[in-house]
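A.B. asks: final.csv (CSV, C-alpha atoms) pasted underneath:
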```
chain,number,residue,atom,x,y,z
F,1,MET,CA,0.0,0.0,0.0
F,2,LEU,CA,1.3,3.5,-0.9
F,3,VAL,CA,0.6,6.2,1.7
F,4,ALA,CA,1.3,9.8,0.7
F,5,PHE,CA,2.2,12.3,3.4
F,6,SER,CA,2.0,16.1,2.6
F,7,CYS,CA,5.4,17.4,3.7
F,8,ASN,CA,7.8,20.3,3.4
F,9,GLY,CA,11.0,18.6,2.7
F,10,LEU,CA,12.7,15.5,1.3
F,11,SER,CA,13.0,13.0,4.2
F,12,LEU,CA,11.0,11.5,7.1
F,13,ASP,CA,12.4,14.1,9.4
F,14,SER,CA,10.9,16.9,7.3
F,15,PRO,CA,8.1,19.0,8.6
F,16,PHE,CA,4.6,17.6,8.0
F,17,ASP,CA,2.6,20.1,6.0
F,18,SER,CA,-1.1,20.5,6.7
F,19,ARG,CA,-1.9,21.8,3.2
F,20,PHE,CA,-2.9,19.4,0.5
F,21,GLY,CA,-3.0,21.0,-3.0
F,22,ARG,CA,-0.3,23.6,-2.4
F,23,CYS,CA,2.0,21.4,-0.4
F,24,PRO,CA,5.5,21.4,-2.0
F,25,TYR,CA,6.3,17.7,-1.6
F,26,PHE,CA,4.7,14.4,-0.9
F,27,LEU,CA,6.5,11.6,0.9
F,28,VAL,CA,5.1,8.4,-0.5
F,29,TYR,CA,5.6,5.5,1.9
F,30,ASP,CA,5.4,1.9,0.7
F,31,THR,CA,4.1,-0.1,3.7
F,32,GLU,CA,5.1,-3.4,2.2
F,33,GLN,CA,8.7,-2.5,1.4
F,34,ASP,CA,9.2,0.0,4.3
F,35,THR,CA,10.8,2.4,1.7
F,36,TYR,CA,9.7,5.8,0.6
F,37,ALA,CA,9.9,8.1,-2.5
F,38,ILE,CA,9.4,11.8,-2.8
F,39,ILE,CA,7.0,13.5,-5.3
F,40,ASP,CA,7.8,17.1,-6.1
F,41,ASN,CA,4.5,19.0,-6.2
F,42,HIS,CA,5.9,22.5,-7.0
F,43,GLU,CA,4.1,22.7,-10.3
F,44,ASN,CA,0.8,22.9,-8.3
F,45,THR,CA,2.1,25.1,-5.4
F,46,ASN,CA,1.4,28.3,-7.3
F,47,ALA,CA,-1.5,27.2,-9.5
F,48,GLU,CA,-4.1,29.9,-9.8
F,49,HIS,CA,-7.0,27.5,-9.7
F,50,GLY,CA,-7.5,23.9,-9.0
F,51,ALA,CA,-4.3,23.1,-7.1
F,52,GLY,CA,-6.1,20.4,-5.1
F,53,ILE,CA,-7.6,18.8,-8.2
F,54,ALA,CA,-4.3,18.7,-10.0
F,55,THR,CA,-2.5,17.3,-6.9
F,56,ALA,CA,-5.2,14.6,-6.5
F,57,SER,CA,-4.7,13.7,-10.2
F,58,ARG,CA,-1.0,13.4,-9.8
F,59,LEU,CA,-1.3,11.2,-6.7
F,60,SER,CA,-3.8,9.0,-8.6
F,61,SER,CA,-1.3,8.6,-11.5
F,62,GLU,CA,1.3,7.5,-9.0
F,63,LYS,CA,-1.1,4.8,-7.8
F,64,VAL,CA,-1.3,6.2,-4.3
F,65,ASN,CA,-3.9,4.4,-2.1
F,66,VAL,CA,-4.0,6.7,1.0
F,67,VAL,CA,-3.3,10.4,1.7
F,68,VAL,CA,-2.4,11.7,5.1
F,69,THR,CA,-2.7,15.5,5.2
F,70,GLY,CA,-4.1,18.4,7.3
F,71,HIS,CA,-7.1,19.5,5.3
F,72,THR,CA,-8.6,18.9,1.8
F,73,GLY,CA,-10.9,21.5,0.2
F,74,PRO,CA,-14.2,20.5,-1.4
F,75,LYS,CA,-12.9,19.9,-4.9
F,76,ALA,CA,-9.9,18.0,-3.8
F,77,THR,CA,-12.1,15.9,-1.5
F,78,GLN,CA,-14.3,15.1,-4.5
F,79,ALA,CA,-11.4,14.3,-6.7
F,80,LEU,CA,-9.7,12.0,-4.2
F,81,LYS,CA,-13.0,10.2,-3.7
F,82,SER,CA,-13.4,9.6,-7.4
F,83,ALA,CA,-9.8,8.4,-7.6
F,84,GLY,CA,-10.6,5.9,-4.8
F,85,ILE,CA,-7.9,7.4,-2.5
F,86,ALA,CA,-8.7,7.3,1.2
F,87,VAL,CA,-7.9,10.5,3.2
F,88,TYR,CA,-6.7,10.6,6.8
F,89,THR,CA,-6.4,13.9,8.6
F,90,CYS,CA,-3.4,14.5,10.9
F,91,GLU,CA,-1.6,17.1,12.9
F,92,ALA,CA,2.1,16.2,13.4
F,93,PRO,CA,5.4,18.1,13.6
F,94,THR,CA,7.2,15.7,11.2
F,95,CYS,CA,6.4,13.1,8.6
F,96,LYS,CA,8.0,10.5,10.8
F,97,LYS,CA,5.5,11.3,13.6
F,98,ALA,CA,2.6,11.3,11.1
F,99,LEU,CA,3.7,7.9,9.8
F,100,GLU,CA,3.8,6.5,13.4
F,101,LEU,CA,0.3,7.9,14.1
F,102,PHE,CA,-0.9,6.3,10.9
F,103,GLN,CA,0.6,2.9,11.6
F,104,GLU,CA,-0.8,3.0,15.2
F,105,GLY,CA,-4.3,3.5,13.7
F,106,ALA,CA,-4.5,6.8,15.6
F,107,LEU,CA,-5.7,8.9,12.7
F,108,LEU,CA,-9.3,9.7,11.7
F,109,LYS,CA,-10.4,8.7,8.2
F,110,GLN,CA,-12.2,11.6,6.4
O,1,MET,CA,-15.8,56.6,-28.7
O,2,LYS,CA,-15.5,53.9,-25.9
O,3,ILE,CA,-14.1,55.0,-22.5
O,4,ALA,CA,-13.5,52.6,-19.7
O,5,ILE,CA,-13.7,53.8,-16.1
O,6,ALA,CA,-11.4,51.7,-14.0
O,7,SER,CA,-9.3,51.8,-10.8
O,8,GLY,CA,-7.1,49.4,-8.9
O,9,LYS,CA,-8.7,49.8,-5.5
O,10,GLY,CA,-12.4,49.3,-5.0
O,11,GLY,CA,-14.6,52.1,-3.6
O,12,THR,CA,-12.6,54.9,-5.2
O,13,GLY,CA,-15.6,56.2,-7.2
O,14,LYS,CA,-15.8,54.4,-10.6
O,15,THR,CA,-19.6,54.2,-10.5
O,16,LEU,CA,-19.8,57.9,-9.3
O,17,VAL,CA,-17.6,59.0,-12.2
O,18,SER,CA,-19.3,56.7,-14.8
O,19,VAL,CA,-22.8,57.7,-14.0
O,20,ASN,CA,-22.1,61.4,-13.8
O,21,LEU,CA,-20.0,61.5,-17.0
O,22,ALA,CA,-22.8,59.6,-18.8
O,23,VAL,CA,-25.3,62.4,-17.8
O,24,THR,CA,-22.9,65.3,-18.3
O,25,ASN,CA,-21.7,64.7,-21.8
O,26,SER,CA,-24.0,66.1,-24.5
O,27,LYS,CA,-24.1,63.0,-26.7
O,28,GLU,CA,-26.3,60.0,-26.8
O,29,THR,CA,-24.5,57.7,-24.3
O,30,LEU,CA,-24.6,54.0,-23.7
O,31,LEU,CA,-23.5,53.1,-20.2
O,32,LEU,CA,-22.3,49.5,-19.8
O,33,ASP,CA,-22.2,48.3,-16.2
O,34,CYS,CA,-19.4,45.7,-16.5
O,35,ASP,CA,-19.2,45.2,-12.7
O,36,VAL,CA,-21.2,42.1,-13.2
O,37,GLU,CA,-20.6,40.8,-9.7
O,38,GLU,CA,-22.6,43.7,-8.2
O,39,PRO,CA,-23.9,46.0,-10.9
O,40,ASN,CA,-25.5,49.2,-9.4
O,41,ASP,CA,-25.5,51.9,-12.1
O,42,ARG,CA,-29.2,51.2,-12.5
O,43,VAL,CA,-29.9,52.6,-9.0
O,44,PHE,CA,-29.1,56.1,-10.2
O,45,PHE,CA,-31.6,56.2,-13.1
O,46,ASP,CA,-35.3,56.4,-12.1
O,47,GLU,CA,-36.8,57.1,-15.5
O,48,LEU,CA,-35.3,54.4,-17.7
O,49,SER,CA,-37.6,51.8,-19.2
O,50,GLN,CA,-36.5,48.2,-19.7
O,51,SER,CA,-35.7,47.6,-23.4
O,52,HIS,CA,-34.4,44.0,-23.4
O,53,THR,CA,-33.2,41.1,-21.3
O,54,ARG,CA,-31.4,37.9,-22.2
O,55,ARG,CA,-29.8,34.9,-20.4
O,56,VAL,CA,-26.1,34.2,-21.1
O,57,SER,CA,-24.7,30.7,-21.0
O,58,ILE,CA,-21.2,29.2,-21.6
O,59,LYS,CA,-20.4,25.9,-23.3
O,60,ILE,CA,-18.8,23.5,-21.0
O,61,PRO,CA,-17.5,20.0,-21.9
O,62,ARG,CA,-19.1,16.6,-21.3
O,63,ILE,CA,-17.1,13.4,-22.0
O,64,ASP,CA,-18.5,10.3,-23.6
O,65,ASN,CA,-16.8,7.6,-21.6
O,66,SER,CA,-17.5,5.0,-24.2
O,67,VAL,CA,-15.4,7.0,-26.7
O,68,CYS,CA,-12.7,8.3,-24.3
O,69,ILE,CA,-9.4,6.5,-24.6
O,70,SER,CA,-8.0,8.0,-21.3
O,71,CYS,CA,-5.1,9.5,-23.2
O,72,LYS,CA,-5.1,12.6,-20.9
O,73,ALA,CA,-4.7,15.0,-23.8
O,74,CYS,CA,-7.6,17.1,-22.5
O,75,VAL,CA,-6.3,17.2,-19.0
O,76,ASN,CA,-2.9,18.5,-20.2
O,77,ALA,CA,-4.5,21.0,-22.5
O,78,CYS,CA,-6.6,22.6,-19.8
O,79,GLN,CA,-4.9,25.7,-18.3
O,80,PHE,CA,-7.3,26.0,-15.5
O,81,ASN,CA,-7.2,22.5,-13.9
O,82,ALA,CA,-10.8,22.0,-14.7
O,83,LEU,CA,-10.2,18.5,-15.9
O,84,ALA,CA,-8.5,15.7,-13.9
O,85,MET,CA,-7.6,12.1,-14.7
O,86,LEU,CA,-8.7,10.1,-11.7
O,87,ALA,CA,-8.6,6.3,-11.7
O,88,ASP,CA,-8.4,6.3,-15.6
O,89,ARG,CA,-11.5,8.5,-16.0
O,90,VAL,CA,-11.6,12.2,-16.7
O,91,MET,CA,-13.5,14.2,-14.2
O,92,ILE,CA,-14.8,17.7,-15.0
O,93,PHE,CA,-15.0,20.5,-12.5
O,94,ASP,CA,-17.5,22.8,-14.1
O,95,GLU,CA,-16.9,25.8,-11.9
O,96,LEU,CA,-13.2,26.0,-13.0
O,97,CYS,CA,-14.0,25.8,-16.8
O,98,HIS,CA,-13.4,29.0,-18.8
O,99,ALA,CA,-15.2,27.5,-21.8
O,100,CYS,CA,-12.1,27.9,-24.0
O,101,GLY,CA,-12.7,24.7,-26.0
O,102,ALA,CA,-9.1,23.5,-25.8
O,103,CYS,CA,-10.1,20.1,-24.5
O,104,ALA,CA,-12.3,19.3,-27.4
O,105,TYR,CA,-9.8,20.6,-29.9
O,106,VAL,CA,-7.1,18.2,-28.7
O,107,CYS,CA,-9.2,15.1,-28.1
O,108,PRO,CA,-8.1,12.4,-30.5
O,109,PRO,CA,-11.3,10.3,-30.6
O,110,GLY,CA,-13.6,13.3,-30.4
O,111,ALA,CA,-15.2,12.2,-27.1
O,112,ILE,CA,-16.1,15.7,-26.0
O,113,SER,CA,-19.4,17.5,-26.6
O,114,TRP,CA,-20.9,20.6,-25.1
O,115,ILE,CA,-23.7,21.5,-22.8
O,116,ASP,CA,-24.9,25.0,-21.9
O,117,LYS,CA,-24.3,26.3,-18.5
O,118,PRO,CA,-26.2,29.5,-17.6
O,119,ILE,CA,-24.0,32.1,-15.9
O,120,GLY,CA,-26.0,35.4,-15.8
O,121,THR,CA,-28.4,37.9,-17.3
O,122,ILE,CA,-27.9,40.9,-19.5
O,123,THR,CA,-30.6,43.6,-19.1
O,124,GLY,CA,-30.9,46.9,-21.0
O,125,TRP,CA,-32.9,50.1,-20.2
O,126,ALA,CA,-33.5,53.0,-22.5
O,127,GLY,CA,-33.8,56.6,-21.6
O,128,SER,CA,-33.8,60.0,-23.3
O,129,SER,CA,-30.1,60.6,-23.5
O,130,VAL,CA,-28.6,57.7,-21.6
O,131,ASN,CA,-29.1,54.0,-22.4
O,132,LEU,CA,-27.9,51.5,-19.8
O,133,ILE,CA,-27.0,47.8,-20.2
O,134,GLN,CA,-25.8,45.7,-17.3
O,135,GLY,CA,-24.6,42.2,-16.8
O,136,GLN,CA,-25.4,40.3,-13.6
O,137,MET,CA,-23.9,37.0,-12.6
O,138,ASP,CA,-26.1,34.2,-11.2
O,139,VAL,CA,-25.6,33.4,-7.6
O,140,GLY,CA,-22.9,30.7,-7.2
O,141,ILE,CA,-21.0,31.6,-10.5
O,142,SER,CA,-17.5,32.7,-9.8
O,143,MET,CA,-16.3,33.7,-13.3
O,144,PRO,CA,-17.3,37.1,-14.6
O,145,VAL,CA,-15.2,37.3,-17.8
O,146,PRO,CA,-17.6,35.3,-20.2
O,147,LEU,CA,-20.5,37.6,-19.1
O,148,ILE,CA,-18.4,40.7,-19.6
O,149,ARG,CA,-17.4,39.6,-23.1
O,150,GLU,CA,-21.0,39.0,-24.0
O,151,LEU,CA,-22.0,42.3,-22.5
O,152,LYS,CA,-19.4,44.2,-24.6
O,153,LYS,CA,-21.0,42.7,-27.7
O,154,GLU,CA,-24.0,44.9,-27.0
O,155,ALA,CA,-21.9,47.9,-27.8
O,156,LEU,CA,-20.3,46.4,-30.9
O,157,TYR,CA,-22.4,48.2,-33.4
O,158,SER,CA,-23.3,51.2,-31.3
O,159,HIS,CA,-22.6,54.6,-32.7
O,160,GLU,CA,-23.2,56.2,-29.4
O,161,THR,CA,-20.6,57.3,-26.9
O,162,VAL,CA,-19.9,54.2,-24.7
O,163,ILE,CA,-18.9,54.4,-21.1
O,164,LEU,CA,-17.8,51.2,-19.5
O,165,ASP,CA,-18.0,51.0,-15.7
O,166,SER,CA,-15.3,48.4,-14.9
O,167,PRO,CA,-15.0,46.0,-12.0
O,168,PRO,CA,-12.3,46.9,-9.5
O,169,GLY,CA,-8.9,45.3,-9.4
O,170,THR,CA,-6.4,44.7,-12.2
O,171,SER,CA,-7.1,41.0,-13.1
O,172,CYS,CA,-9.0,39.5,-16.0
O,173,PRO,CA,-12.5,41.1,-15.4
O,174,MET,CA,-10.9,44.6,-15.5
O,175,VAL,CA,-8.6,43.7,-18.4
O,176,TRP,CA,-11.5,42.4,-20.5
O,177,THR,CA,-13.6,45.5,-19.8
O,178,VAL,CA,-10.8,47.9,-20.7
O,179,LEU,CA,-9.6,46.0,-23.8
O,180,GLY,CA,-10.5,47.6,-27.1
O,181,CYS,CA,-11.5,50.9,-25.5
O,182,ASP,CA,-10.2,54.2,-26.9
O,183,ALA,CA,-9.1,55.4,-23.5
O,184,ALA,CA,-9.2,54.5,-19.9
O,185,LEU,CA,-9.9,56.8,-16.9
O,186,LEU,CA,-8.4,55.6,-13.6
O,187,VAL,CA,-10.2,56.8,-10.6
O,188,THR,CA,-8.2,56.9,-7.4
O,189,GLU,CA,-8.1,58.5,-4.0
O,190,PRO,CA,-5.1,60.4,-2.6
O,191,THR,CA,-4.1,57.9,0.0
O,192,PRO,CA,-1.2,55.4,0.3
O,193,PHE,CA,-3.7,52.5,-0.5
O,194,GLY,CA,-5.1,54.4,-3.4
O,195,LEU,CA,-1.7,55.1,-4.8
O,196,HIS,CA,-0.5,51.5,-4.4
O,197,ASP,CA,-3.5,50.2,-6.4
O,198,LEU,CA,-3.3,53.0,-8.9
O,199,GLN,CA,0.3,51.9,-9.7
O,200,LEU,CA,-0.9,48.4,-10.3
O,201,ALA,CA,-3.7,49.7,-12.6
O,202,VAL,CA,-1.2,51.9,-14.5
O,203,ASP,CA,1.2,49.0,-15.0
O,204,THR,CA,-1.8,47.0,-16.4
O,205,ILE,CA,-3.1,49.7,-18.7
O,206,ARG,CA,0.4,50.4,-20.1
O,207,THR,CA,0.7,46.8,-21.3
O,208,MET,CA,-2.5,47.4,-23.3
O,209,GLY,CA,-1.1,50.5,-24.9
O,210,MET,CA,-4.0,52.9,-24.7
O,211,PRO,CA,-4.2,56.6,-23.7
O,212,PHE,CA,-5.3,57.0,-20.1
O,213,GLY,CA,-5.5,59.6,-17.4
O,214,VAL,CA,-6.3,59.8,-13.7
O,215,VAL,CA,-9.3,61.3,-11.8
O,216,ILE,CA,-8.6,62.1,-8.1
O,217,ASN,CA,-11.7,61.5,-6.0
O,218,LYS,CA,-12.1,62.6,-2.4
O,219,ASP,CA,-9.4,65.2,-3.1
O,220,GLY,CA,-8.2,66.8,0.0
O,221,ILE,CA,-7.9,63.7,2.2
O,222,GLY,CA,-4.7,61.8,2.6
O,223,ASP,CA,-1.5,63.2,1.1
O,224,ASP,CA,0.1,64.4,-2.2
O,225,GLN,CA,1.8,61.2,-3.2
O,226,VAL,CA,-0.7,60.5,-6.0
O,227,ASP,CA,0.1,63.9,-7.5
O,228,SER,CA,3.8,63.3,-7.2
O,229,TYR,CA,3.5,59.9,-8.8
O,230,CYS,CA,1.4,61.2,-11.7
O,231,ASN,CA,3.9,64.1,-12.3
O,232,GLN,CA,6.8,61.8,-12.2
O,233,GLU,CA,5.2,59.3,-14.6
O,234,HIS,CA,3.8,62.1,-16.9
O,235,ILE,CA,0.2,60.8,-16.4
O,236,PRO,CA,-2.4,63.5,-17.0
O,237,ILE,CA,-4.7,64.4,-14.0
O,238,MET,CA,-8.0,64.8,-15.8
O,239,GLY,CA,-9.9,66.2,-12.9
O,240,ARG,CA,-10.4,66.4,-9.1
O,241,ILE,CA,-13.5,65.8,-7.2
O,242,GLY,CA,-13.3,67.2,-3.7
O,243,TYR,CA,-14.0,65.4,-0.5
O,244,ASP,CA,-17.6,66.6,0.2
O,245,LEU,CA,-20.2,65.1,2.6
O,246,MET,CA,-22.9,66.4,0.2
O,247,ILE,CA,-21.6,64.1,-2.5
O,248,ALA,CA,-21.7,61.1,-0.1
O,249,LYS,CA,-25.3,62.0,1.0
O,250,THR,CA,-26.5,62.5,-2.6
O,251,TYR,CA,-24.8,59.3,-3.8
O,252,ALA,CA,-26.2,57.3,-0.9
O,253,ARG,CA,-29.7,58.4,-1.9
O,254,GLY,CA,-29.1,57.0,-5.4
O,255,LYS,CA,-29.1,60.5,-7.0
O,256,ILE,CA,-26.8,61.9,-9.7
O,257,ILE,CA,-24.4,64.5,-8.4
O,258,VAL,CA,-24.5,66.8,-11.4
O,259,GLU,CA,-28.3,67.0,-11.2
O,260,GLN,CA,-28.4,67.7,-7.5
O,261,LEU,CA,-25.3,69.8,-6.8
O,262,GLU,CA,-25.0,72.2,-9.7
O,263,GLN,CA,-21.4,73.2,-8.7
O,264,TYR,CA,-20.1,69.8,-9.8
O,265,ARG,CA,-21.4,70.0,-13.4
O,266,ALA,CA,-18.5,72.1,-14.5
O,267,ILE,CA,-16.0,69.6,-12.9
O,268,PHE,CA,-17.5,66.6,-14.8
O,269,SER,CA,-17.8,68.6,-18.0
O,270,SER,CA,-14.1,69.5,-17.8
O,271,ILE,CA,-13.2,65.8,-17.1
O,272,TRP,CA,-15.2,64.9,-20.3
O,273,ASP,CA,-13.4,67.6,-22.3
O,274,ASN,CA,-10.1,66.3,-21.1
O,275,ILE,CA,-11.1,62.8,-22.2
O,276,GLU,CA,-12.0,64.1,-25.7
O,277,ARG,CA,-8.7,65.8,-26.0
O,278,LEU,CA,-6.9,62.7,-24.8
O,279,VAL,CA,-8.4,60.5,-27.6
O,280,GLY,CA,-8.1,63.4,-30.1
O,281,THR,CA,-11.8,63.8,-30.9
O,282,LYS,CA,-11.6,67.4,-29.8
O,283,GLY,CA,-9.3,70.0,-31.2
O,284,THR,CA,-6.5,71.2,-29.0
O,285,SER,CA,-6.9,74.8,-29.9
O,286,HIS,CA,-5.9,77.2,-27.1
O,287,GLY,CA,-8.4,79.1,-25.1
```
Could you render the structure as C-alpha cells?
C.D. replies:
Amino acid sequence: MLVAFSCNGLSLDSPFDSRFGRCPYFLVYDTEQDTYAIIDNHENTNAEHGAGIATASRLSSEKVNVVVTGHTGPKATQALKSAGIAVYTCEAPTCKKALELFQEGALLKQ
Amino acid sequence: MKIAIASGKGGTGKTLVSVNLAVTNSKETLLLDCDVEEPNDRVFFDELSQSHTRRVSIKIPRIDNSVCISCKACVNACQFNALAMLADRVMIFDELCHACGACAYVCPPGAISWIDKPIGTITGWAGSSVNLIQGQMDVGISMPVPLIRELKKEALYSHETVILDSPPGTSCPMVWTVLGCDAALLVTEPTPFGLHDLQLAVDTIRTMGMPFGVVINKDGIGDDQVDSYCNQEHIPIMGRIGYDLMIAKTYARGKIIVEQLEQYRAIFSSIWDNIERLVGTKGTSHG
C-alpha cells in the first residue's frame, strides 16, 4: 500500500505540511517494502486555480492508495474520492511522527 | 468613442464618475455596467424603461466515456485544472471551466461534446439621453469574464458614446472590460492605499497601450503622493472631485451628483473635455 504524506522537505524528518493541494512535496511511503519516495509538487504550489484537483490527479497517476494531510478542500475531496484514495487527517510536527500515528491507527479517516 | 472607467482599488468612485459622465456629456450615451458581480449603475436612473433582457450561457464540456481512450490530452491542454484524470477516468470541475474549448480541440477520438451552463443575465434600459445595459452574474457563479465579453457585444455596433464601468482590481475582469476601448480613466483617491493600487492599474493599462488619465476623487484627504507619482510618470490628471459630505449623501440616496449639486457639473464637464482631448476627438486649440 502506498501512503502519501504532505510534507515540506525530502525526508522522514521533514516538517509535516497541513496543506494538501499547495504542499510542496509528498513523501510516499510503501508499507510493504518499508521504503519511501518523494513526489515534487511545486508545479501545483502556485496554481491559480484547482491546485487540489491537479494534486489529486498526480497522486492518482502515482497509484497512491492513501493520503495523510491536514485538510482537503471540497474539490480535492471530491477528486480524491473519485480516484478511490482514502484521506486521513493529521496534525504532526514531522512526517515520521505522522507515519507513526498512521501505523498505530490513531488517525481519523475523512 | 469607448471609454473605460477603471481603478485598482475598489470604492474609489468608478460608478460615481461613470454615471455622472454619462449624464454630463451632451451626446447619446450608452453606459455599460461591467461590474457584473454587483452592478449598481441602475440605481441612479429612475426614469429608464427596460428595453431587453437575455440569459447568457457558456459551453462546458461533457465526455462520452464509451469513446474516451483515457489519453489525458484534454487534462494536459486545460490551463485551469478544470479536468483531472482520476482512476483512468476524466473528471470535470464545471466551476473552473473557462469554456475555452481546448479540451475538445485536442481530443483524438472526439469524445467531448458541449452543454450550456447559464451564468448570468444581461438587461438593457432605454432613456432620453442615456441608455444603460448591465450584466449580472447568477448566484454561485465565480467567473465574470464570459459575461463581460458577452455584455461588450451589446456595444459592438453602437454609434453612441460608450462608457464602461469596470469591475475593481487589475485582473481578468478589469482587463476584458478595458480591452479595445479608446481610452481609460483611472479613478483613485489620494491615500497610500489608493496610490498602491493605482500603480498596479497603471502597469496593467500600459501593457495594453491605450491613452489614459487619472481622476482624483475625495481630493483633500490623505497626502500628495498620487500627485507626485502622476507628475513623475507624466500621467495627466483629468480632474479632481473634492471630499464633500454632500456628495456622499447625494450618492447614498441614489441620486446623480451633477443634477443635485450644480457646482459639480463644471467639474465633470471638464473631465469629459479632457477625455475628448486625450483621444483626439476634440481640437487642442488654445483658449
A.B. asks: I need the contact residues of chain F against chain O, so if you could list those with any atom within 8 Å, counting all atoms listed in the file, and return them as a list in words, that would help.
C.D. replies: Glu48, His49, Gly50, Ala51, Ile53, Ala54, Ala56, Ser57, Ser60, Ser61, Lys75, Ala79, Leu80, Ser82, Ala83 and Gly84 of chain F
A.B. asks: Pick from F:His71, F:Gly21, F:Val87, F:Phe102: nearest to Thr45 in chain F, with all atoms listed in the file counted?
C.D. replies: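 Using all atoms listed in the file, Thr45 in chain F sits closest to F:Gly21.
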A.B. asks: With all atoms listed in the file as the basis for distance, which of F:Thr77, F:Ala37, F:Val68, F:Met1 is at the shortest distance from Glu100 in chain F?
C.D. replies: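 Among F:Thr77, F:Ala37, F:Val68, F:Met1, it is F:Val68 that comes nearest to Glu100 in chain F.
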A.B. asks: When you count only C-alpha atoms, which of these residues is closest to Glu150 in chain O: O:Gly135, O:Pro118, O:Gly220, O:Pro61?
C.D. replies: O:Gly135
A.B. asks: Report as a VMD selection string all protein, DNA and RNA residues lying within 9 Å of Ala111 in chain O, evaluated on all atoms listed in the file, omitting residues in the same chain fewer than 4 positions from it.
C.D. replies: chain O and resid 62 to 69 104 107
A.B. asks: Please write the residues from the selection above to a file, keeping C-alpha atoms, as a PDB file, in the coordinates of the input.
C.D. replies:
```pdb
ATOM      1  CA  ARG O  62     -19.100  16.600 -21.300  1.00  0.00           C
ATOM      2  CA  ILE O  63     -17.100  13.400 -22.000  1.00  0.00           C
ATOM      3  CA  ASP O  64     -18.500  10.300 -23.600  1.00  0.00           C
ATOM      4  CA  ASN O  65     -16.800   7.600 -21.600  1.00  0.00           C
ATOM      5  CA  SER O  66     -17.500   5.000 -24.200  1.00  0.00           C
ATOM      6  CA  VAL O  67     -15.400   7.000 -26.700  1.00  0.00           C
ATOM      7  CA  CYS O  68     -12.700   8.300 -24.300  1.00  0.00           C
ATOM      8  CA  ILE O  69      -9.400   6.500 -24.600  1.00  0.00           C
ATOM      9  CA  ALA O 104     -12.300  19.300 -27.400  1.00  0.00           C
ATOM     10  CA  CYS O 107      -9.200  15.100 -28.100  1.00  0.00           C
TER      11      CYS O 107
END
```
A.B. asks: Using CA of Ala76 in chain F and CA of Pro24 in chain F as the two end points, give the distance in Å to one decimal.
C.D. replies: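 Separation between CA of Ala76 in chain F and CA of Pro24 in chain F: 15.9 Å.
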A.B. asks: Env of Ala22 in chain O: 9 Å cut, atoms = only C-alpha atoms, seq-sep filter 3 positions within chain, self excluded. Answer as a list in words.
C.D. replies: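 Non-adjacent residues within range: Val17, Ser18, Val19, Asn25, Ser26, Lys27, Glu28, Thr29, Leu30, Leu31, Ser129, Val130, Thr161, Val162 and Ile163 of chain O.
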A.B. asks: In terms of the shortest atom-to-atom distance over only C-alpha atoms, which of O:Val43, O:Gly213, O:Asp94, O:Phe268 is closest to Tyr251 in chain O?
C.D. replies: O:Val43
A.B. asks: For range 181-196 of chain O, list every protein, DNA or RNA residue within 6 Å, evaluated using all atoms listed in the file, and leave out those in the same chain fewer than 2 positions away; present the list as an NGL selection string.
C.D. replies: :O and (2-7 or 12 or 178-179 or 198-199 or 210-218 or 222-223 or 226)
A.B. asks: Which residue out of F:Thr94, F:Gln110, F:Thr72, F:Asn65 has the minimum interatomic distance to Ser14 in chain F when all atoms listed in the file are used?
C.D. replies: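 Closest to Ser14 in chain F of all the choices is F:Thr94.
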A.B. asks: Can you measure CA of Ser269 in chain O to CA of Thr207 in chain O for me? One decimal in Å is fine.
C.D. replies: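 Going from CA of Ser269 in chain O over to CA of Thr207 in chain O covers 28.8 Å.
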A.B. asks: CA of Phe26 in chain F and CA of Leu101 in chain F are how many Å apart?
C.D. replies: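 According to the coordinates, CA of Phe26 in chain F and CA of Leu101 in chain F are separated by 16.9 Å.
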A.B. asks: Which of these, O:Pro39, O:Gly239, O:Gly101, O:Gly120, has the shortest distance to Leu21 in chain O once you count only C-alpha atoms?
C.D. replies: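 Checking each of O:Pro39, O:Gly239, O:Gly101, O:Gly120 against Leu21 in chain O, counting only C-alpha atoms, the winner is O:Gly239.
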A.B. asks: Find the spatial neighbours of Ala106 in chain F, counting only C-alpha atoms, within a cut-off of 10 Å - ignore same-chain residues fewer than 6 positions away - and output them as a PyMOL selection string.
C.D. replies: chain F and resi 88+90+98+100
A.B. asks: How would you write as a short mmCIF file (atom, residue, chain, number, x, y, z; two decimals) with C-alpha atoms, in the frame of the given file the residues that get within 10 Å of (7.3, 14.5, 5.5) in the file's frame, counting only C-alpha atoms?
C.D. replies:
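Saved file point32.cif follows:
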```cif
data_model
loop_
_atom_site.label_atom_id
_atom_site.label_comp_id
_atom_site.auth_asym_id
_atom_site.auth_seq_id
_atom_site.Cartn_x
_atom_site.Cartn_y
_atom_site.Cartn_z
CA ALA F 4 1.30 9.80 0.70
CA PHE F 5 2.20 12.30 3.40
CA SER F 6 2.00 16.10 2.60
CA CYS F 7 5.40 17.40 3.70
CA ASN F 8 7.80 20.30 3.40
CA GLY F 9 11.00 18.60 2.70
CA LEU F 10 12.70 15.50 1.30
CA SER F 11 13.00 13.00 4.20
CA LEU F 12 11.00 11.50 7.10
CA ASP F 13 12.40 14.10 9.40
CA SER F 14 10.90 16.90 7.30
CA PRO F 15 8.10 19.00 8.60
CA PHE F 16 4.60 17.60 8.00
CA ASP F 17 2.60 20.10 6.00
CA TYR F 25 6.30 17.70 -1.60
CA PHE F 26 4.70 14.40 -0.90
CA LEU F 27 6.50 11.60 0.90
CA VAL F 28 5.10 8.40 -0.50
CA TYR F 29 5.60 5.50 1.90
CA ILE F 38 9.40 11.80 -2.80
CA ALA F 92 2.10 16.20 13.40
CA PRO F 93 5.40 18.10 13.60
CA THR F 94 7.20 15.70 11.20
CA CYS F 95 6.40 13.10 8.60
CA LYS F 96 8.00 10.50 10.80
CA LYS F 97 5.50 11.30 13.60
CA ALA F 98 2.60 11.30 11.10
CA LEU F 99 3.70 7.90 9.80
#
```
A.B. asks: If we count only C-alpha atoms, what is near Asp33 in chain O at a cut-off of 10 Å, once residues fewer than 2 positions away on the same chain are taken out, given as a PyMOL selection string?
C.D. replies: chain O and resi 15+18-19+30-31+35-36+38-42+122+132-136+148+151-152+163-167+177
